[in-house]
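Report on the following structure.
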Amino acid sequence: MTILKGTIKDKNKQPIDNVSIKYNNTGTTSDKNGNYTIKIPFREEITITYSHVSYRTFTKKYIANSRNGVRYSVIMTSKTEKLDEIIIKDNKKSAQGLQKIDAKVVKNIIGPNAGVENVLMTLPGVSNNNELSTQYNVRGGNFDENLVYVNGIEVYRPFLIRSGQQEGLSFINSNMVQNINFSAGGFQAKYGDKLSSVLDITYKKPSETATTIDASLLGASVTFEGNFLNKKLSTITGVRYRDNSLFVNSKQVETNFKPRFTDIQTYLSYQFSEKIQVNFLGNFSLNNYDYQPLSRRTRFGTVADPLELVVFYTGQEKDTYLTLFGALSADYKITENFTLTTTASRYNTQEEEYFDIAASYNLGEVDTDIGSESFGEVDFSQGIGSQLNHARNDLDALITNVQIKGTIKKGQTQWSFGAKYQKEDIKDRIREWEVIDSLGFSIRPPNSIANNQPYDPFTGPITPYQNIRKDNNVAIDRVSGYLQVNQRSFINEHEIWYNLGIRAHNWSVTGNNIASKNQFIFSPRAQFAIKPNWEKDMLFRVSGGLYSQPPSYRELRDFNGDINVDVKAQKSIHFVSGMDYSFAMWERPFKLTTELYYKNLTDVNAYSVDNVRIRYRADNVTTAYAYGLDVRLNGEFVPGSESWVSLGYLKTEENIDNQGYIARPSDQRIKFGILFQDYIPNLPDLKAYLNLVYNTGVPGGAPSYADVYQFQERLRDYKRADLGVSYIFVDANKNYISGWLSKFKELSAGLELFNMFDIQNAITNTWVRDVYSKNQYGIPNYMTGRVLNFKVGMKF
């Protein structure tokens with residue numbers, strides 16, 4: 001005889017207890033951690049059955065070839081209980097307006113920045129056209145309007161990121177993730193003061209010791225998880241390295257590019273007793289970005305009137321982003337129904353943005369005469385010139401906070417409350433200027449001394465077109481808190497949920513020895529959901545409230561680097577109405593989710609977007625609105641694999657200082673996305689993943705000092721398809737007892753084809769100025785082309 005042991009979990013990696021494991025007349029059951037041990041005969045084929053009342057029965061044939069014992073872990077699939085077309089599901093998250101995303105989908109999704117954010121960008125209402133950035137905007141908001149939590153702790157992003165290429169890695173390590181919940185609006189009071197969305201991540205609490213390694217041409221990651229000290233201490237630690245040069249080398253700009261992105265992250269949890277648990281979340285990130293552009297050739301315009309921009313560069317850019325984050329929390333279970341959590345965290349970012357890049361350009365008309373000897377070449381120059389961009393920008397930000405949260409349960413009612421103090425210290429040194437020359441004449445900034453060259457000589461000094469020299473020292477003190485109540489009950493056999501809550505936030509700003517007055521806002525919020533006692537499984541919900549966003553440092557700094565300490569909180573009245581319809585199709589579960597939303601915004605701090613860098617006006621003279629419709633159908637289009645199709649419509653406009661309504665920078669009218677997973681029926685271990693996104697174009701922005709009302713043309717539509725193929729050698733349902741594959745718990749290898757149709761997508765415009773014609777040309781900046789990547793993943 002020998003020993004067979006393992007762990008039994010569900011698709012969410014949660015252990016399953018009381019699973020029956022039997023062969024012949026011998027049997028056992030799994031414990032509360034999903035672990036089981038059973039004696040089996042040596043070198044004799046047996047068939048073991050794994051069964052549970054809530055999961056599909058699973059059978060496996062064994063031949064034990066080792067007397068030292070064998071291990072086999074099982075992932076069990078939940079049964080779908082059907083009464084006609086009713087599918088029994090947990091509606092708690094849906095009632096709260098949260099979308100739950102399977103962590104397994106995150107691991108398999110294909111994309112330049114594969115991970116949680118990449119999944120979000122397949123959802124309706126969520127957009128980002130920069131393939132090298134993990135930042136996203138939601139329902140007409142911008143990149144600064146989204147909350148991100150990891151195990152209840154708010155996390156932050158660097159401040160100076162300009163093009164997205166410098167980001168490297170998302171804070172969220174997808175190999176450490178257990179649960180993902182996302183709200184695109186109308187969220188509860190327990191979440192903070194932002195205008196757009198909430199991403200709520202829960203990291204794993206490991207139940208076994210394992211090491212996961214992923215490697216590709218883009219980088220590698222190692223994740224270790226395990227339990228120690230009689231399972232009182234659990235730890236999961238991830239190390240990641242990434243190099244984006246594979247993508248950048250596919251662009252139209254020829255460069256010497258050396259990006260090095262490194263990240264180390266750990267989550268520790270120690271169970272002192274049944275009532276006290278202490279947790280630690282730590283992160284170290286170092287992004288070194290060395291960029292030396294050489295040349296660029298961009299052809300654009302129409303077939304009848306093609307134009308070409310040729311640029312030759314000298315100089316380089318060297319950026320460094322060092323971030324440190326640590327959070328210590330303690331969970332205290334006072335009684336069975338009363339829990340308190342205290343958290344102290346500190347975030348520090350040290351950022352350097354240094355560049356000197358000179359560009360000489362020629363913008364010309366392309367010869368379209370097929371019979372001409374110069375067909376396809378530039379035969380007339382519309383603009384010739386050069387420009388020199390210089391920056392020596394340094395930023396050091398330290399964010400410290402302490403908070404306490406609690407929950408009290410009484411029957412079907414739950415009260416939640418919390419209070420938080422946060423202090424932000426920012427030291428920002430800006431040295432940035434741009435000199436523009438066209439046909440040998442330096443272009444002076446607007447509203448400067450009149451210059452009538454070349455007709456009249458000008459003897460004044462050369463003045464940069466843009467010149468910012470500022471030293472900002474800013475301190476922000478914040479006190480905030482919330483109180484909310486959740487209730488579940490029935491009305492005439494119809495199940496209902498409701499949530500009522502309120503947030504309050506008080507803050508003061510001191511900037512460059514100028515202090516603001518204390519400002520105070522409150523944010524009432526409400527949610528209501530009803531699941532009628534109908535034959536069809538449907539859930540209806542409404543939510544809304546007054547949402548406010550007190551200014552962060554970036555919102556206090558205007559286009560010229562000046563600080564306005566009196567900037568008010570932006571305010572938005574949200575209204576969200578949704579419906580979930582769960583049904584069976586092809587004898588498999590599906591869910592149709594529909595949400596209609598409207599936002600009325602006041603005291604808006606208008607902004608412009610330069611790639612992913614946001615530059616604010618630092619005032620509150622703008623009003624805006626946003627409305628739209630999001631539809632998502634997800635389910636098992638292929639048995640055992642979740643896929644979805646999403647469609648979103650959005651319209652958002654703003655009125656700056658009563659000049660009239662124009663499209664906001666995030667006005668992306670149509671969003672269509674498909675995330676599809678498939679496998680070959682006769683070869684189920686060969687899997688395919690398709691990620692397809694189509695977005696209509698957003699406004700292309702405006703040149704510096706220009707009136708945005710005069711520049712309302714849109715970029716071209718964004719279209720992208722990424723395809724991945726992988727083969728599973730080993731996983732939870734395909735283990736080997738002997739041979740070299742028996743050393744692995746999981747092993748897979750595959751190919752990824754990014755931008756498979758090699759579509760040129762524009763992210764922003766480069767504005768080329770010409771003295772002679774007085775025109776400013778918007779030249780599209782195209783993103784990455786087709787790229788092939790190889791990857792391998794293993795767990796042991």
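FYI, nothing fancy with the structure tokens labels: chains A, B, ... in order, residues from 1 per chain, ligands from 1 as they appear.
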- prompt: stretch 624-633 of chain A: which residues within 7 Å, counting only C-alpha atoms, same-chain residues fewer than 3 positions away excluded, as a list in words?
  reply: Pro124, Gly125, Gly140, Lys591, Leu592, Thr593, Thr594, Glu595, Leu596, Tyr597, Tyr598, Lys599, Asn600, Leu601, Thr602, Trp644, Val645, Ser646, Leu647, Gly648, Tyr649, Leu650, Lys651, Thr652, Glu653, Glu654 and Asn655 of chain A
DSSP on the backbone, then: every residue of stretch 227-356 of chain A marked strand (DSSP E or B), written as a short mmCIF file (atom, residue, chain, number, x, y, z; two decimals) with N, CA, C and O atoms, in the first residue's frame.
data_model
loop_
_atom_site.label_atom_id
_atom_site.label_comp_id
_atom_site.auth_asym_id
_atom_site.auth_seq_id
_atom_site.Cartn_x
_atom_site.Cartn_y
_atom_site.Cartn_z
N ASN A 227 2.48 28.11 4.04
CA ASN A 227 2.05 28.21 5.43
C ASN A 227 3.17 27.74 6.34
O ASN A 227 3.88 26.78 6.02
N PHE A 228 3.33 28.41 7.47
CA PHE A 228 4.37 28.05 8.42
C PHE A 228 3.83 28.17 9.84
O PHE A 228 2.73 28.69 10.06
N LEU A 233 1.07 31.25 10.22
CA LEU A 233 1.65 32.27 9.35
C LEU A 233 1.49 31.85 7.90
O LEU A 233 1.93 30.76 7.50
N SER A 234 0.86 32.69 7.12
CA SER A 234 0.76 32.45 5.68
C SER A 234 1.45 33.60 4.96
O SER A 234 1.41 34.75 5.40
N THR A 235 2.08 33.26 3.86
CA THR A 235 2.81 34.29 3.11
C THR A 235 2.69 34.02 1.62
O THR A 235 2.63 32.87 1.18
N ILE A 236 2.62 35.11 0.86
CA ILE A 236 2.71 35.03 -0.60
C ILE A 236 3.55 36.19 -1.07
O ILE A 236 3.32 37.34 -0.68
N THR A 237 4.59 35.89 -1.82
CA THR A 237 5.56 36.90 -2.26
C THR A 237 5.80 36.75 -3.75
O THR A 237 5.97 35.63 -4.25
N GLY A 238 5.82 37.87 -4.45
CA GLY A 238 6.05 37.85 -5.89
C GLY A 238 7.16 38.79 -6.30
O GLY A 238 7.28 39.90 -5.78
N VAL A 239 7.99 38.35 -7.23
CA VAL A 239 9.05 39.16 -7.83
C VAL A 239 8.80 39.21 -9.32
O VAL A 239 8.62 38.15 -9.96
N ARG A 240 8.79 40.40 -9.89
CA ARG A 240 8.52 40.55 -11.33
C ARG A 240 9.58 41.41 -12.01
O ARG A 240 10.13 42.34 -11.41
N TYR A 241 9.85 41.07 -13.27
CA TYR A 241 10.74 41.87 -14.10
C TYR A 241 10.11 41.98 -15.49
O TYR A 241 9.58 41.00 -16.01
N ARG A 242 10.18 43.17 -16.07
CA ARG A 242 9.55 43.37 -17.38
C ARG A 242 10.40 44.29 -18.24
O ARG A 242 11.05 45.22 -17.74
N VAL A 253 8.77 54.82 -34.55
CA VAL A 253 9.92 55.59 -34.10
C VAL A 253 11.08 54.64 -33.88
O VAL A 253 10.99 53.70 -33.09
N GLU A 254 12.20 54.86 -34.60
CA GLU A 254 13.39 54.06 -34.41
C GLU A 254 14.13 54.56 -33.18
O GLU A 254 14.42 55.76 -33.06
N THR A 255 14.43 53.66 -32.23
CA THR A 255 14.99 54.09 -30.96
C THR A 255 16.06 53.12 -30.47
O THR A 255 16.15 51.98 -30.92
N ASN A 256 16.87 53.63 -29.54
CA ASN A 256 17.62 52.78 -28.63
C ASN A 256 16.87 52.84 -27.30
O ASN A 256 16.78 53.90 -26.68
N PHE A 257 16.35 51.71 -26.87
CA PHE A 257 15.41 51.72 -25.75
C PHE A 257 15.80 50.65 -24.75
O PHE A 257 15.95 49.49 -25.10
N LYS A 258 16.02 51.05 -23.49
CA LYS A 258 16.44 50.11 -22.46
C LYS A 258 15.57 50.29 -21.21
O LYS A 258 15.98 50.93 -20.24
N PRO A 259 14.37 49.76 -21.23
CA PRO A 259 13.53 49.85 -20.03
C PRO A 259 13.81 48.69 -19.08
O PRO A 259 13.98 47.55 -19.51
N ARG A 260 13.85 48.97 -17.80
CA ARG A 260 14.05 47.92 -16.80
C ARG A 260 13.07 48.17 -15.66
O ARG A 260 13.20 49.14 -14.92
N PHE A 261 12.09 47.29 -15.54
CA PHE A 261 11.02 47.45 -14.56
C PHE A 261 11.08 46.27 -13.58
O PHE A 261 10.96 45.12 -13.99
N THR A 262 11.26 46.57 -12.30
CA THR A 262 11.39 45.53 -11.28
C THR A 262 10.40 45.79 -10.15
O THR A 262 10.18 46.94 -9.76
N ASP A 263 9.83 44.72 -9.63
CA ASP A 263 8.80 44.84 -8.60
C ASP A 263 8.90 43.66 -7.64
O ASP A 263 9.02 42.51 -8.08
N ILE A 264 8.88 43.95 -6.34
CA ILE A 264 8.85 42.92 -5.31
C ILE A 264 7.68 43.23 -4.38
O ILE A 264 7.55 44.35 -3.89
N GLN A 265 6.84 42.24 -4.15
CA GLN A 265 5.64 42.45 -3.36
C GLN A 265 5.39 41.26 -2.45
O GLN A 265 5.62 40.11 -2.85
N THR A 266 4.92 41.53 -1.23
CA THR A 266 4.65 40.45 -0.29
C THR A 266 3.40 40.74 0.53
O THR A 266 3.10 41.91 0.81
N TYR A 267 2.69 39.67 0.87
CA TYR A 267 1.55 39.78 1.78
C TYR A 267 1.68 38.68 2.83
O TYR A 267 1.73 37.49 2.50
N LEU A 268 1.76 39.11 4.09
CA LEU A 268 1.92 38.20 5.22
C LEU A 268 0.69 38.28 6.11
O LEU A 268 0.14 39.35 6.31
N SER A 269 0.30 37.14 6.68
CA SER A 269 -0.82 37.11 7.59
C SER A 269 -0.50 36.14 8.73
O SER A 269 -0.13 34.99 8.48
N TYR A 270 -0.62 36.64 9.95
CA TYR A 270 -0.33 35.80 11.12
C TYR A 270 -1.55 35.75 12.04
O TYR A 270 -2.09 36.80 12.44
N GLN A 271 -1.99 34.54 12.36
CA GLN A 271 -3.16 34.32 13.19
C GLN A 271 -2.70 34.12 14.63
O GLN A 271 -2.27 33.04 15.03
N ILE A 276 -7.63 37.43 16.86
CA ILE A 276 -6.69 38.45 16.40
C ILE A 276 -5.86 37.93 15.24
O ILE A 276 -5.27 36.84 15.32
N GLN A 277 -5.83 38.71 14.17
CA GLN A 277 -5.01 38.40 13.00
C GLN A 277 -4.28 39.67 12.57
O GLN A 277 -4.88 40.73 12.46
N VAL A 278 -2.97 39.57 12.30
CA VAL A 278 -2.16 40.71 11.87
C VAL A 278 -1.68 40.45 10.44
O VAL A 278 -1.23 39.35 10.11
N ASN A 279 -1.76 41.49 9.58
CA ASN A 279 -1.40 41.37 8.17
C ASN A 279 -0.41 42.46 7.79
O ASN A 279 -0.44 43.56 8.35
N PHE A 280 0.43 42.14 6.81
CA PHE A 280 1.37 43.13 6.29
C PHE A 280 1.38 43.04 4.76
O PHE A 280 1.51 41.95 4.19
N LEU A 281 1.25 44.18 4.10
CA LEU A 281 1.35 44.29 2.64
C LEU A 281 2.50 45.23 2.32
O LEU A 281 2.51 46.38 2.77
N GLY A 282 3.49 44.74 1.57
CA GLY A 282 4.65 45.56 1.23
C GLY A 282 4.95 45.50 -0.25
O GLY A 282 4.71 44.48 -0.92
N ASN A 283 5.47 46.62 -0.79
CA ASN A 283 5.79 46.67 -2.22
C ASN A 283 7.02 47.56 -2.45
O ASN A 283 7.15 48.63 -1.86
N PHE A 284 7.93 47.07 -3.28
CA PHE A 284 9.08 47.84 -3.76
C PHE A 284 9.06 47.80 -5.27
O PHE A 284 8.97 46.73 -5.87
N SER A 285 9.15 48.97 -5.89
CA SER A 285 9.12 49.04 -7.36
C SER A 285 10.17 50.01 -7.84
O SER A 285 10.29 51.12 -7.32
N LEU A 286 10.94 49.60 -8.85
CA LEU A 286 11.98 50.46 -9.45
C LEU A 286 11.86 50.37 -10.96
O LEU A 286 12.05 49.31 -11.55
N ASN A 287 11.51 51.50 -11.57
CA ASN A 287 11.39 51.58 -13.03
C ASN A 287 12.47 52.50 -13.56
O ASN A 287 12.51 53.69 -13.24
N ASN A 288 13.36 51.95 -14.36
CA ASN A 288 14.40 52.73 -15.04
C ASN A 288 14.07 52.77 -16.52
O ASN A 288 13.97 51.72 -17.18
N TYR A 289 13.93 53.98 -17.03
CA TYR A 289 13.47 54.17 -18.41
C TYR A 289 14.54 54.97 -19.16
O TYR A 289 14.72 56.16 -18.91
N ASP A 290 15.26 54.31 -20.06
CA ASP A 290 16.27 54.96 -20.89
C ASP A 290 15.80 54.93 -22.33
O ASP A 290 15.58 53.85 -22.89
N TYR A 291 15.69 56.11 -22.91
CA TYR A 291 15.06 56.23 -24.23
C TYR A 291 15.88 57.17 -25.09
O TYR A 291 16.17 58.31 -24.70
N GLN A 292 16.29 56.70 -26.26
CA GLN A 292 17.08 57.52 -27.18
C GLN A 292 16.47 57.41 -28.58
O GLN A 292 16.79 56.50 -29.33
N PRO A 293 15.55 58.33 -28.93
CA PRO A 293 14.94 58.26 -30.26
C PRO A 293 15.94 58.62 -31.35
O PRO A 293 16.80 59.49 -31.16
N LEU A 294 15.83 57.97 -32.48
CA LEU A 294 16.75 58.21 -33.60
C LEU A 294 16.03 58.86 -34.78
O LEU A 294 16.48 59.88 -35.30
N SER A 295 14.93 58.26 -35.20
CA SER A 295 14.20 58.83 -36.34
C SER A 295 12.77 58.37 -36.30
O SER A 295 12.41 57.40 -35.62
N ARG A 296 11.94 59.08 -37.09
CA ARG A 296 10.52 58.74 -37.18
C ARG A 296 10.03 59.09 -38.57
O ARG A 296 10.38 60.14 -39.12
N ARG A 297 9.20 58.21 -39.11
CA ARG A 297 8.55 58.48 -40.40
C ARG A 297 7.09 58.09 -40.27
O ARG A 297 6.77 56.93 -40.05
N THR A 298 6.20 59.06 -40.37
CA THR A 298 4.76 58.83 -40.21
C THR A 298 4.03 59.35 -41.43
O THR A 298 4.17 60.52 -41.80
N ARG A 299 3.26 58.48 -42.07
CA ARG A 299 2.44 58.87 -43.21
C ARG A 299 0.98 58.87 -42.78
O ARG A 299 0.51 57.92 -42.15
N PHE A 300 0.27 59.92 -43.10
CA PHE A 300 -1.12 60.06 -42.67
C PHE A 300 -1.87 60.86 -43.73
O PHE A 300 -1.39 61.09 -44.83
N GLY A 301 -3.06 61.33 -43.39
CA GLY A 301 -3.89 62.06 -44.35
C GLY A 301 -4.83 61.12 -45.07
O GLY A 301 -5.20 60.05 -44.57
N PRO A 306 -2.22 62.58 -49.35
CA PRO A 306 -1.37 61.99 -48.31
C PRO A 306 -0.27 62.97 -47.88
O PRO A 306 0.24 63.76 -48.67
N LEU A 307 0.07 62.91 -46.59
CA LEU A 307 1.14 63.73 -46.04
C LEU A 307 2.13 62.81 -45.32
O LEU A 307 1.77 61.71 -44.88
N GLU A 308 3.36 63.29 -45.18
CA GLU A 308 4.37 62.50 -44.50
C GLU A 308 5.21 63.40 -43.61
O GLU A 308 5.60 64.51 -44.01
N LEU A 309 5.45 62.93 -42.40
CA LEU A 309 6.31 63.63 -41.46
C LEU A 309 7.57 62.80 -41.26
O LEU A 309 7.49 61.62 -40.91
N VAL A 310 8.71 63.42 -41.46
CA VAL A 310 10.00 62.77 -41.23
C VAL A 310 10.73 63.57 -40.15
O VAL A 310 10.85 64.79 -40.25
N VAL A 311 11.16 62.87 -39.09
CA VAL A 311 11.82 63.52 -37.98
C VAL A 311 13.14 62.81 -37.69
O VAL A 311 13.20 61.57 -37.70
N PHE A 312 14.19 63.61 -37.45
CA PHE A 312 15.47 63.07 -37.00
C PHE A 312 15.77 63.65 -35.62
O PHE A 312 15.65 64.85 -35.40
N TYR A 313 16.13 62.75 -34.70
CA TYR A 313 16.30 63.14 -33.30
C TYR A 313 17.77 63.07 -32.88
O TYR A 313 18.55 62.26 -33.40
N THR A 314 18.09 63.88 -31.90
CA THR A 314 19.31 63.74 -31.12
C THR A 314 18.95 63.95 -29.66
O THR A 314 17.99 64.64 -29.34
N GLY A 315 19.73 63.34 -28.77
CA GLY A 315 19.45 63.47 -27.34
C GLY A 315 18.85 62.20 -26.78
O GLY A 315 18.74 61.16 -27.46
N GLN A 316 18.44 62.26 -25.52
CA GLN A 316 17.92 61.08 -24.85
C GLN A 316 17.05 61.47 -23.66
O GLN A 316 17.04 62.63 -23.24
N GLU A 317 16.33 60.48 -23.15
CA GLU A 317 15.50 60.64 -21.96
C GLU A 317 15.88 59.56 -20.95
O GLU A 317 15.99 58.39 -21.29
N LYS A 318 16.10 59.98 -19.68
CA LYS A 318 16.40 59.05 -18.60
C LYS A 318 15.44 59.35 -17.45
O LYS A 318 15.50 60.42 -16.87
N ASP A 319 14.58 58.40 -17.15
CA ASP A 319 13.61 58.55 -16.08
C ASP A 319 13.79 57.44 -15.06
O ASP A 319 14.12 56.30 -15.42
N THR A 320 13.57 57.77 -13.80
CA THR A 320 13.62 56.79 -12.72
C THR A 320 12.42 56.99 -11.82
O THR A 320 12.12 58.12 -11.41
N TYR A 321 11.73 55.90 -11.52
CA TYR A 321 10.57 55.93 -10.63
C TYR A 321 10.77 54.87 -9.55
O TYR A 321 10.73 53.67 -9.82
N LEU A 322 11.02 55.32 -8.34
CA LEU A 322 11.19 54.42 -7.20
C LEU A 322 10.02 54.60 -6.25
O LEU A 322 9.76 55.70 -5.76
N THR A 323 9.28 53.52 -5.99
CA THR A 323 8.14 53.60 -5.07
C THR A 323 8.28 52.55 -3.99
O THR A 323 8.69 51.41 -4.25
N LEU A 324 7.92 52.94 -2.77
CA LEU A 324 7.95 52.07 -1.61
C LEU A 324 6.59 52.16 -0.92
O LEU A 324 6.06 53.26 -0.75
N PHE A 325 6.05 51.02 -0.56
CA PHE A 325 4.73 51.01 0.08
C PHE A 325 4.71 49.93 1.15
O PHE A 325 5.15 48.79 0.93
N GLY A 326 4.20 50.29 2.33
CA GLY A 326 4.05 49.32 3.40
C GLY A 326 2.79 49.60 4.19
O GLY A 326 2.46 50.75 4.48
N ALA A 327 2.05 48.55 4.52
CA ALA A 327 0.80 48.69 5.28
C ALA A 327 0.71 47.57 6.29
O ALA A 327 0.89 46.38 5.95
N LEU A 328 0.43 47.93 7.53
CA LEU A 328 0.26 46.97 8.61
C LEU A 328 -1.17 47.07 9.12
O LEU A 328 -1.64 48.16 9.46
N SER A 329 -1.87 45.94 9.16
CA SER A 329 -3.26 45.94 9.60
C SER A 329 -3.49 44.84 10.62
O SER A 329 -2.76 43.83 10.65
N ALA A 330 -4.48 45.05 11.46
CA ALA A 330 -4.85 44.06 12.47
C ALA A 330 -6.37 43.89 12.47
O ALA A 330 -7.11 44.87 12.51
N ASP A 331 -6.82 42.65 12.42
CA ASP A 331 -8.24 42.31 12.49
C ASP A 331 -8.53 41.76 13.88
O ASP A 331 -7.89 40.79 14.32
N TYR A 332 -9.49 42.37 14.54
CA TYR A 332 -9.84 41.95 15.91
C TYR A 332 -11.32 41.57 15.93
O TYR A 332 -12.20 42.40 15.72
N LYS A 333 -11.57 40.29 16.18
CA LYS A 333 -12.93 39.78 16.24
C LYS A 333 -13.40 39.86 17.69
O LYS A 333 -13.17 38.96 18.50
N ILE A 334 -14.07 40.97 18.04
CA ILE A 334 -14.49 41.21 19.42
C ILE A 334 -15.54 40.19 19.84
O ILE A 334 -15.45 39.58 20.91
N THR A 335 -16.55 40.02 18.99
CA THR A 335 -17.55 38.98 19.21
C THR A 335 -17.80 38.31 17.86
O THR A 335 -17.20 38.67 16.84
N PHE A 338 -19.11 41.23 15.74
CA PHE A 338 -18.49 42.56 15.83
C PHE A 338 -17.00 42.41 15.54
O PHE A 338 -16.27 41.76 16.28
N THR A 339 -16.55 43.08 14.44
CA THR A 339 -15.16 43.00 14.01
C THR A 339 -14.60 44.39 13.80
O THR A 339 -15.26 45.26 13.22
N LEU A 340 -13.36 44.60 14.25
CA LEU A 340 -12.65 45.85 14.05
C LEU A 340 -11.37 45.59 13.26
O LEU A 340 -10.70 44.57 13.47
N THR A 341 -11.03 46.53 12.37
CA THR A 341 -9.78 46.45 11.61
C THR A 341 -9.07 47.79 11.69
O THR A 341 -9.68 48.83 11.38
N THR A 342 -7.82 47.78 12.09
CA THR A 342 -7.00 49.00 12.11
C THR A 342 -5.87 48.84 11.10
O THR A 342 -5.30 47.76 10.95
N THR A 343 -5.55 49.92 10.41
CA THR A 343 -4.53 49.89 9.36
C THR A 343 -3.68 51.15 9.43
O THR A 343 -4.21 52.25 9.59
N ALA A 344 -2.37 50.97 9.30
CA ALA A 344 -1.44 52.09 9.16
C ALA A 344 -0.59 51.82 7.92
O ALA A 344 -0.05 50.72 7.75
N SER A 345 -0.49 52.81 7.03
CA SER A 345 0.25 52.60 5.79
C SER A 345 1.06 53.84 5.44
O SER A 345 0.75 54.96 5.88
N ARG A 346 2.11 53.62 4.65
CA ARG A 346 2.94 54.72 4.17
C ARG A 346 3.38 54.42 2.74
O ARG A 346 3.81 53.30 2.44
N TYR A 347 3.25 55.44 1.89
CA TYR A 347 3.63 55.33 0.48
C TYR A 347 4.61 56.43 0.14
O TYR A 347 4.39 57.59 0.48
N ASN A 348 5.71 56.06 -0.49
CA ASN A 348 6.72 57.04 -0.89
C ASN A 348 7.09 56.82 -2.35
O ASN A 348 7.35 55.69 -2.76
N THR A 349 7.05 57.88 -3.13
CA THR A 349 7.49 57.80 -4.52
C THR A 349 8.55 58.86 -4.77
O THR A 349 8.40 60.02 -4.37
N GLN A 350 9.64 58.44 -5.39
CA GLN A 350 10.74 59.33 -5.75
C GLN A 350 10.92 59.24 -7.26
O GLN A 350 11.30 58.19 -7.78
N GLU A 351 10.63 60.34 -7.94
CA GLU A 351 10.55 60.30 -9.40
C GLU A 351 11.47 61.34 -10.02
O GLU A 351 11.52 62.49 -9.58
N GLU A 352 12.20 60.91 -11.05
CA GLU A 352 13.08 61.80 -11.81
C GLU A 352 12.73 61.68 -13.28
O GLU A 352 12.66 60.58 -13.82
N GLU A 353 12.53 62.81 -13.90
CA GLU A 353 12.20 62.85 -15.32
C GLU A 353 13.18 63.82 -15.98
O GLU A 353 13.04 65.03 -15.89
N TYR A 354 14.21 63.27 -16.63
CA TYR A 354 15.27 64.07 -17.24
C TYR A 354 15.31 63.78 -18.74
O TYR A 354 15.42 62.62 -19.15
N PHE A 355 15.23 64.83 -19.56
CA PHE A 355 15.43 64.61 -21.00
C PHE A 355 15.89 65.88 -21.69
O PHE A 355 15.58 67.00 -21.28
N ASP A 356 16.66 65.68 -22.73
CA ASP A 356 17.05 66.71 -23.70
C ASP A 356 16.94 66.06 -25.06
O ASP A 356 17.80 65.23 -25.44
#
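For the atom pair formed by atom CA of A:Ile779 and atom CA of A:Asn765, the distance is 5.0 Å, given to one decimal.
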message: Need to verify the contact set: A:Ser748, 7 Å, only C-alpha atoms, exclusion of same-chain residues closer than 5 positions in sequence. Can you return it as a list in words?
response: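 Surrounding residues, per the criterion: Ser726, Tyr727, Ile728, Phe729, Val730, Val792, Gly793 and Met794 of chain A.
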- request: If you run DSSP over the backbone, which residues in stretch 584-769 of chain A end up helix (DSSP H, G or I)? Put them as a count of residues only.
  value: 7
Counting only C-alpha atoms, the residue of A:Ser489, A:Val787, A:Ile109, A:Ile213 that sits nearest A:Ala688: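 Result for the nearest residue to A:Ala688: A:Ile109.
Considering the residues A:Glu587, A:Asp667, A:Asp685, A:Asp619 and counting only C-alpha atoms, A:Val698 has its shortest atom-to-atom contact with A:Asp667.
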query: Which residues come within 12 Å of A:Glu493, counting only C-alpha atoms, excluding same-chain residues fewer than 4 positions away, as a list in words?
result: Ser489, Ile530, Lys531, Pro532, Asn533 and Trp534 of chain A
message: Between A:Gln188, A:Trp740, A:Gln99, A:Asn24, which residue has the minimum interatomic distance to A:Leu500, considering only C-alpha atoms?
response: A:Gln188
- prompt: A:Glu145: which residues within 6 Å, counting only C-alpha atoms, same-chain residues fewer than 6 positions away excluded, as a PyMOL selection string?
  reply: chain A and resi 194-196
Restricting the output to N, CA and C atoms, write the selected residues as a short mmCIF file (atom, residue, chain, number, x, y, z; two decimals), in the first residue's frame.
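Written file, out.cif:
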data_model
loop_
_atom_site.label_atom_id
_atom_site.label_comp_id
_atom_site.auth_asym_id
_atom_site.auth_seq_id
_atom_site.Cartn_x
_atom_site.Cartn_y
_atom_site.Cartn_z
N LYS A 194 -13.77 59.29 -4.73
CA LYS A 194 -13.41 59.44 -6.13
C LYS A 194 -14.70 59.46 -6.95
N LEU A 195 -14.57 59.90 -8.20
CA LEU A 195 -15.77 60.13 -9.01
C LEU A 195 -16.19 58.96 -9.89
N SER A 196 -15.27 58.03 -10.21
CA SER A 196 -15.60 57.09 -11.28
C SER A 196 -15.80 55.65 -10.87
#
query: Interatomic distance between atom CA of A:Thr212 and atom CA of A:Met176?
result: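 Result for atom CA of A:Thr212 versus atom CA of A:Met176: 10.1 Å, one decimal.
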message: Can you tell me which residues surround stretch 672-679 of chain A at a distance of at most 7 Å, considering only C-alpha atoms, apart from same-chain residues fewer than 2 positions away, and format the answer as a PyMOL selection string?
response: chain A and resi 122-123+638+641-648+670+681+684+686-695
